[in-house]
Amino acid sequence: MANGKAGGDQSSGNAGGQQVSPAGPLNLDALRSLTYGMYVVGSKKGDRFNAQIANTVFQITSQPPTVAVSINKNNLTHEFISESKVFSASSLCEDTPLPFIGRFGFKSGRDGDKLGGVNYQVGQTGAPVVIDNAVSYIEARVIDRVDVGTHTVFIGEIVAAEVLMQKACMTYGYYQQIKRGTTPQAAPTYQQKKA
């Protein structure tokens with residue numbers, strides 16, 4: 001839509017009377033309008049389990065049911081998914097306490113067992129599936145991966161999924177605006193504060 005008219009001439013670069021250049025400013029705040037959820041993504045390596053918070057899990061196809069998750073290459077979960085080729089993703093509810101999110105988002109599994117004292121089950125893939133505060137979960141086997149610089153996007157075919165409760169899922173916007181949560185530097189949505 002250009003100048004309020006559907007199908008209008010958009011080649012002029014005129015948006016609301018201001019000149020817009022394809023090489024114009026890059027305002028990364030525009031990315032904040034994309035919607036994200038809050039998930040605990042789990043995986044395994046041998047007989048070890050790990051899980052982390054992720055906000056970038058999304059459905060790709062319905063047949064076969066396929067999802068993708070973006071994981072920072074420095075995270076222990078990345079190492080576990082790369083080796084086992086399986087992952088789980090539990091969708092968190094809006095009631096999830098900040099300390100629970102912090103346990104999985106601001107601590108490394110290299111420093112301790114993040115799943116200790118957390119209600120989880122070992123899923124069909126052998127990956128841990130976090131049940132505490134989860135509205136639903138999916139489990140997937142990795143069928144492909146895409147290197148995207150600091151992160152890898154793992155693409156997985158869903159092998160198990162379940163709805164656990166009827167509550168509102170937490171969006172990343174809700175986490176930041178209502179819960180006043182912060183973004184770890186390893187998150188794909190992290191933006192350095194402007195000076």
# chains A, B, ... in the order shown; residues from 1 in each chain; ligands from 1
$ select_by_dssp --residues "region 25-174 of chain A" --states "strand (DSSP E)" --output "ChimeraX atom specification"
/A:39-45,48-54,57-62,65-72,86-92,120-122,128-130,134-148,151-163
$ select_by_dssp --residues "region 5-132 of chain A" --states "helix (DSSP H, G or I)" --output "PyMOL selection string"
chain A and resi 28-33+76-84+98-105
$ residues_around --residues "region 108-122 of chain A" --least-positions-apart "3" --cutoff "8 Å" --atoms "only C-alpha atoms" --output "ChimeraX atom specification"
/A:49-51,75-76,103-104,125-132
$ closest_residue --among "A:Thr96, A:Ser70, A:Thr150, A:Thr171" --to "Leu34 (chain A)" --atoms "only C-alpha atoms"
A:Thr171
$ atom_distance --atom1 "CA of Ser136 (chain A)" --atom2 "CA of Pro65 (chain A)"
15.4 Å
$ atom_distance --atom1 "CA of Lys44 (chain A)" --atom2 "CA of Ser84 (chain A)"
6.3 Å
$ closest_residue --among "A:Val41, A:Ile101, A:Ala54, A:Ala134" --to "Ala89 (chain A)" --atoms "only C-alpha atoms"
A:Val41
$ residues_around --residues "region 58-60 of chain A" --least-positions-apart "2" --cutoff "12 Å" --atoms "only C-alpha atoms" --output "number ranges by chain"
A: 35-39, 54-56, 62-70, 89, 91, 138, 140, 153-158
$ write_last_selection --atoms "N, CA and C atoms" --output "PDB file, in the first residue's frame"
ATOM      1  N   THR A  35       6.902 -11.456  16.067  1.00  0.00           N
ATOM      2  CA  THR A  35       6.468 -12.144  17.276  1.00  0.00           C
ATOM      3  C   THR A  35       7.322 -13.379  17.536  1.00  0.00           C
ATOM      4  N   TYR A  36       7.555 -13.619  18.801  1.00  0.00           N
ATOM      5  CA  TYR A  36       8.346 -14.753  19.260  1.00  0.00           C
ATOM      6  C   TYR A  36       7.639 -15.348  20.462  1.00  0.00           C
ATOM      7  N   GLY A  37       7.986 -16.565  20.802  1.00  0.00           N
ATOM      8  CA  GLY A  37       7.491 -17.184  22.014  1.00  0.00           C
ATOM      9  C   GLY A  37       8.618 -17.336  23.017  1.00  0.00           C
ATOM     10  N   MET A  38       8.323 -17.998  24.120  1.00  0.00           N
ATOM     11  CA  MET A  38       9.344 -18.336  25.117  1.00  0.00           C
ATOM     12  C   MET A  38       9.284 -19.853  25.311  1.00  0.00           C
ATOM     13  N   TYR A  39      10.402 -20.492  25.068  1.00  0.00           N
ATOM     14  CA  TYR A  39      10.472 -21.952  25.062  1.00  0.00           C
ATOM     15  C   TYR A  39      11.660 -22.429  25.882  1.00  0.00           C
ATOM     16  N   ALA A  54      14.845 -20.367  24.698  1.00  0.00           N
ATOM     17  CA  ALA A  54      14.959 -19.903  23.313  1.00  0.00           C
ATOM     18  C   ALA A  54      13.681 -19.145  22.987  1.00  0.00           C
ATOM     19  N   ASN A  55      13.802 -18.153  22.130  1.00  0.00           N
ATOM     20  CA  ASN A  55      12.601 -17.436  21.711  1.00  0.00           C
ATOM     21  C   ASN A  55      12.320 -17.634  20.227  1.00  0.00           C
ATOM     22  N   THR A  56      13.185 -18.376  19.552  1.00  0.00           N
ATOM     23  CA  THR A  56      13.023 -18.561  18.117  1.00  0.00           C
ATOM     24  C   THR A  56      12.805 -20.035  17.794  1.00  0.00           C
ATOM     25  N   SER A  62       3.401 -28.352   7.660  1.00  0.00           N
ATOM     26  CA  SER A  62       2.464 -29.202   8.390  1.00  0.00           C
ATOM     27  C   SER A  62       2.561 -30.659   7.940  1.00  0.00           C
ATOM     28  N   GLN A  63       2.997 -30.905   6.706  1.00  0.00           N
ATOM     29  CA  GLN A  63       3.158 -32.271   6.202  1.00  0.00           C
ATOM     30  C   GLN A  63       4.491 -32.402   5.486  1.00  0.00           C
ATOM     31  N   PRO A  64       5.466 -33.052   6.051  1.00  0.00           N
ATOM     32  CA  PRO A  64       5.466 -33.574   7.419  1.00  0.00           C
ATOM     33  C   PRO A  64       5.559 -32.425   8.421  1.00  0.00           C
ATOM     34  N   PRO A  65       5.074 -32.644   9.648  1.00  0.00           N
ATOM     35  CA  PRO A  65       5.141 -31.574  10.645  1.00  0.00           C
ATOM     36  C   PRO A  65       6.605 -31.263  10.980  1.00  0.00           C
ATOM     37  N   THR A  66       7.022 -30.047  10.645  1.00  0.00           N
ATOM     38  CA  THR A  66       8.427 -29.662  10.754  1.00  0.00           C
ATOM     39  C   THR A  66       8.533 -28.316  11.461  1.00  0.00           C
ATOM     40  N   VAL A  67       9.525 -28.210  12.357  1.00  0.00           N
ATOM     41  CA  VAL A  67       9.798 -26.969  13.076  1.00  0.00           C
ATOM     42  C   VAL A  67      11.271 -26.628  12.949  1.00  0.00           C
ATOM     43  N   ALA A  68      11.602 -25.397  13.335  1.00  0.00           N
ATOM     44  CA  ALA A  68      13.000 -24.979  13.364  1.00  0.00           C
ATOM     45  C   ALA A  68      13.265 -24.259  14.675  1.00  0.00           C
ATOM     46  N   VAL A  69      14.504 -24.339  15.132  1.00  0.00           N
ATOM     47  CA  VAL A  69      14.938 -23.641  16.336  1.00  0.00           C
ATOM     48  C   VAL A  69      16.295 -23.019  16.050  1.00  0.00           C
ATOM     49  N   SER A  70      16.491 -21.789  16.530  1.00  0.00           N
ATOM     50  CA  SER A  70      17.761 -21.091  16.353  1.00  0.00           C
ATOM     51  C   SER A  70      18.527 -21.126  17.666  1.00  0.00           C
ATOM     52  N   ALA A  89      11.040 -28.837  22.587  1.00  0.00           N
ATOM     53  CA  ALA A  89      10.726 -27.433  22.851  1.00  0.00           C
ATOM     54  C   ALA A  89       9.422 -27.379  23.627  1.00  0.00           C
ATOM     55  N   SER A  91       6.650 -24.970  25.299  1.00  0.00           N
ATOM     56  CA  SER A  91       6.107 -23.608  25.241  1.00  0.00           C
ATOM     57  C   SER A  91       5.717 -23.167  26.645  1.00  0.00           C
ATOM     58  N   ILE A 138       6.892 -30.135  22.015  1.00  0.00           N
ATOM     59  CA  ILE A 138       7.140 -30.924  20.804  1.00  0.00           C
ATOM     60  C   ILE A 138       8.510 -31.575  20.952  1.00  0.00           C
ATOM     61  N   ALA A 140      11.531 -33.330  18.310  1.00  0.00           N
ATOM     62  CA  ALA A 140      11.873 -33.417  16.894  1.00  0.00           C
ATOM     63  C   ALA A 140      13.227 -34.077  16.684  1.00  0.00           C
ATOM     64  N   VAL A 153      20.403 -22.760  12.713  1.00  0.00           N
ATOM     65  CA  VAL A 153      18.977 -23.068  12.691  1.00  0.00           C
ATOM     66  C   VAL A 153      18.870 -24.568  12.443  1.00  0.00           C
ATOM     67  N   PHE A 154      18.376 -25.280  13.457  1.00  0.00           N
ATOM     68  CA  PHE A 154      18.159 -26.722  13.340  1.00  0.00           C
ATOM     69  C   PHE A 154      16.728 -26.947  12.876  1.00  0.00           C
ATOM     70  N   ILE A 155      16.563 -27.716  11.825  1.00  0.00           N
ATOM     71  CA  ILE A 155      15.240 -28.041  11.289  1.00  0.00           C
ATOM     72  C   ILE A 155      14.932 -29.464  11.699  1.00  0.00           C
ATOM     73  N   GLY A 156      13.774 -29.650  12.325  1.00  0.00           N
ATOM     74  CA  GLY A 156      13.444 -30.968  12.844  1.00  0.00           C
ATOM     75  C   GLY A 156      12.053 -31.423  12.468  1.00  0.00           C
ATOM     76  N   GLU A 157      11.947 -32.702  12.172  1.00  0.00           N
ATOM     77  CA  GLU A 157      10.631 -33.306  11.942  1.00  0.00           C
ATOM     78  C   GLU A 157      10.064 -33.728  13.288  1.00  0.00           C
ATOM     79  N   ILE A 158       8.832 -33.316  13.568  1.00  0.00           N
ATOM     80  CA  ILE A 158       8.207 -33.610  14.857  1.00  0.00           C
ATOM     81  C   ILE A 158       7.885 -35.095  14.947  1.00  0.00           C
TER      82      ILE A 158
END
$ closest_residue --among "A:Ala161, A:Val142, A:Val57, A:Leu28" --to "Val40 (chain A)" --atoms "only C-alpha atoms"
A:Val57
$ residues_around --residues "Glu83 (chain A)" --least-positions-apart "4" --cutoff "10 Å" --atoms "only C-alpha atoms" --output "PyMOL selection string"
chain A and resi 43-46+77-79
$ atom_distance --atom1 "CA of Tyr172 (chain A)" --atom2 "CA of Asn72 (chain A)"
17.3 Å
$ closest_residue --among "A:Val148, A:Ile143, A:Leu92, A:Val159" --to "Gln124 (chain A)" --atoms "only C-alpha atoms"
A:Val159
$ closest_residue --among "A:Gln52, A:Val163, A:Asn27, A:Arg32" --to "Lys107 (chain A)" --atoms "only C-alpha atoms"
A:Gln52
$ decode --residues "region 114-139 of chain A" --atoms "N, CA and C atoms" --output "PDB file, in the first residue's frame"
ATOM      1  N   LYS A 114      21.019 -27.801  35.118  1.00  0.00           N
ATOM      2  CA  LYS A 114      19.896 -26.861  35.075  1.00  0.00           C
ATOM      3  C   LYS A 114      18.557 -27.563  35.262  1.00  0.00           C
ATOM      4  N   LEU A 115      18.518 -28.863  35.068  1.00  0.00           N
ATOM      5  CA  LEU A 115      17.263 -29.602  35.197  1.00  0.00           C
ATOM      6  C   LEU A 115      17.029 -30.136  36.612  1.00  0.00           C
ATOM      7  N   GLY A 116      18.015 -29.997  37.491  1.00  0.00           N
ATOM      8  CA  GLY A 116      17.856 -30.470  38.868  1.00  0.00           C
ATOM      9  C   GLY A 116      16.695 -29.769  39.557  1.00  0.00           C
ATOM     10  N   GLY A 117      15.755 -30.535  40.111  1.00  0.00           N
ATOM     11  CA  GLY A 117      14.600 -29.974  40.798  1.00  0.00           C
ATOM     12  C   GLY A 117      13.487 -29.509  39.876  1.00  0.00           C
ATOM     13  N   VAL A 118      13.646 -29.722  38.571  1.00  0.00           N
ATOM     14  CA  VAL A 118      12.632 -29.326  37.589  1.00  0.00           C
ATOM     15  C   VAL A 118      11.875 -30.572  37.139  1.00  0.00           C
ATOM     16  N   ASN A 119      10.566 -30.450  36.998  1.00  0.00           N
ATOM     17  CA  ASN A 119       9.743 -31.556  36.528  1.00  0.00           C
ATOM     18  C   ASN A 119       9.912 -31.703  35.019  1.00  0.00           C
ATOM     19  N   TYR A 120      10.529 -32.809  34.604  1.00  0.00           N
ATOM     20  CA  TYR A 120      10.711 -33.091  33.176  1.00  0.00           C
ATOM     21  C   TYR A 120      10.565 -34.584  32.962  1.00  0.00           C
ATOM     22  N   GLN A 121      10.386 -34.952  31.715  1.00  0.00           N
ATOM     23  CA  GLN A 121      10.330 -36.372  31.361  1.00  0.00           C
ATOM     24  C   GLN A 121      11.290 -36.615  30.206  1.00  0.00           C
ATOM     25  N   VAL A 122      11.738 -37.835  30.096  1.00  0.00           N
ATOM     26  CA  VAL A 122      12.574 -38.219  28.958  1.00  0.00           C
ATOM     27  C   VAL A 122      11.620 -38.609  27.844  1.00  0.00           C
ATOM     28  N   GLY A 123      11.728 -37.914  26.728  1.00  0.00           N
ATOM     29  CA  GLY A 123      10.787 -38.101  25.626  1.00  0.00           C
ATOM     30  C   GLY A 123      11.145 -39.261  24.724  1.00  0.00           C
ATOM     31  N   GLN A 124      10.367 -39.417  23.659  1.00  0.00           N
ATOM     32  CA  GLN A 124      10.580 -40.497  22.683  1.00  0.00           C
ATOM     33  C   GLN A 124      11.955 -40.420  22.037  1.00  0.00           C
ATOM     34  N   THR A 125      12.481 -39.203  21.897  1.00  0.00           N
ATOM     35  CA  THR A 125      13.792 -39.027  21.269  1.00  0.00           C
ATOM     36  C   THR A 125      14.934 -39.260  22.253  1.00  0.00           C
ATOM     37  N   GLY A 126      14.599 -39.366  23.531  1.00  0.00           N
ATOM     38  CA  GLY A 126      15.617 -39.456  24.571  1.00  0.00           C
ATOM     39  C   GLY A 126      16.015 -38.098  25.112  1.00  0.00           C
ATOM     40  N   ALA A 127      15.481 -37.026  24.526  1.00  0.00           N
ATOM     41  CA  ALA A 127      15.759 -35.671  24.999  1.00  0.00           C
ATOM     42  C   ALA A 127      14.873 -35.347  26.197  1.00  0.00           C
ATOM     43  N   PRO A 128      15.348 -34.461  27.087  1.00  0.00           N
ATOM     44  CA  PRO A 128      14.500 -34.048  28.206  1.00  0.00           C
ATOM     45  C   PRO A 128      13.394 -33.115  27.713  1.00  0.00           C
ATOM     46  N   VAL A 129      12.193 -33.327  28.240  1.00  0.00           N
ATOM     47  CA  VAL A 129      11.037 -32.489  27.907  1.00  0.00           C
ATOM     48  C   VAL A 129      10.596 -31.827  29.202  1.00  0.00           C
ATOM     49  N   VAL A 130      10.778 -30.517  29.313  1.00  0.00           N
ATOM     50  CA  VAL A 130      10.401 -29.792  30.525  1.00  0.00           C
ATOM     51  C   VAL A 130       8.877 -29.682  30.585  1.00  0.00           C
ATOM     52  N   ILE A 131       8.321 -30.093  31.727  1.00  0.00           N
ATOM     53  CA  ILE A 131       6.872 -30.090  31.949  1.00  0.00           C
ATOM     54  C   ILE A 131       6.454 -28.888  32.791  1.00  0.00           C
ATOM     55  N   ASP A 132       7.296 -28.498  33.778  1.00  0.00           N
ATOM     56  CA  ASP A 132       6.976 -27.351  34.630  1.00  0.00           C
ATOM     57  C   ASP A 132       6.712 -26.118  33.770  1.00  0.00           C
ATOM     58  N   ASN A 133       5.587 -25.448  34.028  1.00  0.00           N
ATOM     59  CA  ASN A 133       5.209 -24.192  33.365  1.00  0.00           C
ATOM     60  C   ASN A 133       4.972 -24.330  31.865  1.00  0.00           C
ATOM     61  N   ALA A 134       4.880 -25.542  31.359  1.00  0.00           N
ATOM     62  CA  ALA A 134       4.730 -25.755  29.918  1.00  0.00           C
ATOM     63  C   ALA A 134       3.259 -25.900  29.527  1.00  0.00           C
ATOM     64  N   VAL A 135       2.851 -25.145  28.518  1.00  0.00           N
ATOM     65  CA  VAL A 135       1.509 -25.271  27.940  1.00  0.00           C
ATOM     66  C   VAL A 135       1.470 -26.501  27.039  1.00  0.00           C
ATOM     67  N   SER A 136       2.561 -26.706  26.302  1.00  0.00           N
ATOM     68  CA  SER A 136       2.663 -27.832  25.381  1.00  0.00           C
ATOM     69  C   SER A 136       4.132 -28.110  25.113  1.00  0.00           C
ATOM     70  N   TYR A 137       4.383 -29.202  24.407  1.00  0.00           N
ATOM     71  CA  TYR A 137       5.758 -29.488  23.993  1.00  0.00           C
ATOM     72  C   TYR A 137       5.760 -30.208  22.659  1.00  0.00           C
ATOM     73  N   ILE A 138       6.892 -30.135  22.015  1.00  0.00           N
ATOM     74  CA  ILE A 138       7.140 -30.924  20.804  1.00  0.00           C
ATOM     75  C   ILE A 138       8.510 -31.575  20.952  1.00  0.00           C
ATOM     76  N   GLU A 139       8.682 -32.684  20.268  1.00  0.00           N
ATOM     77  CA  GLU A 139       9.992 -33.319  20.159  1.00  0.00           C
ATOM     78  C   GLU A 139      10.279 -33.494  18.676  1.00  0.00           C
TER      79      GLU A 139
END
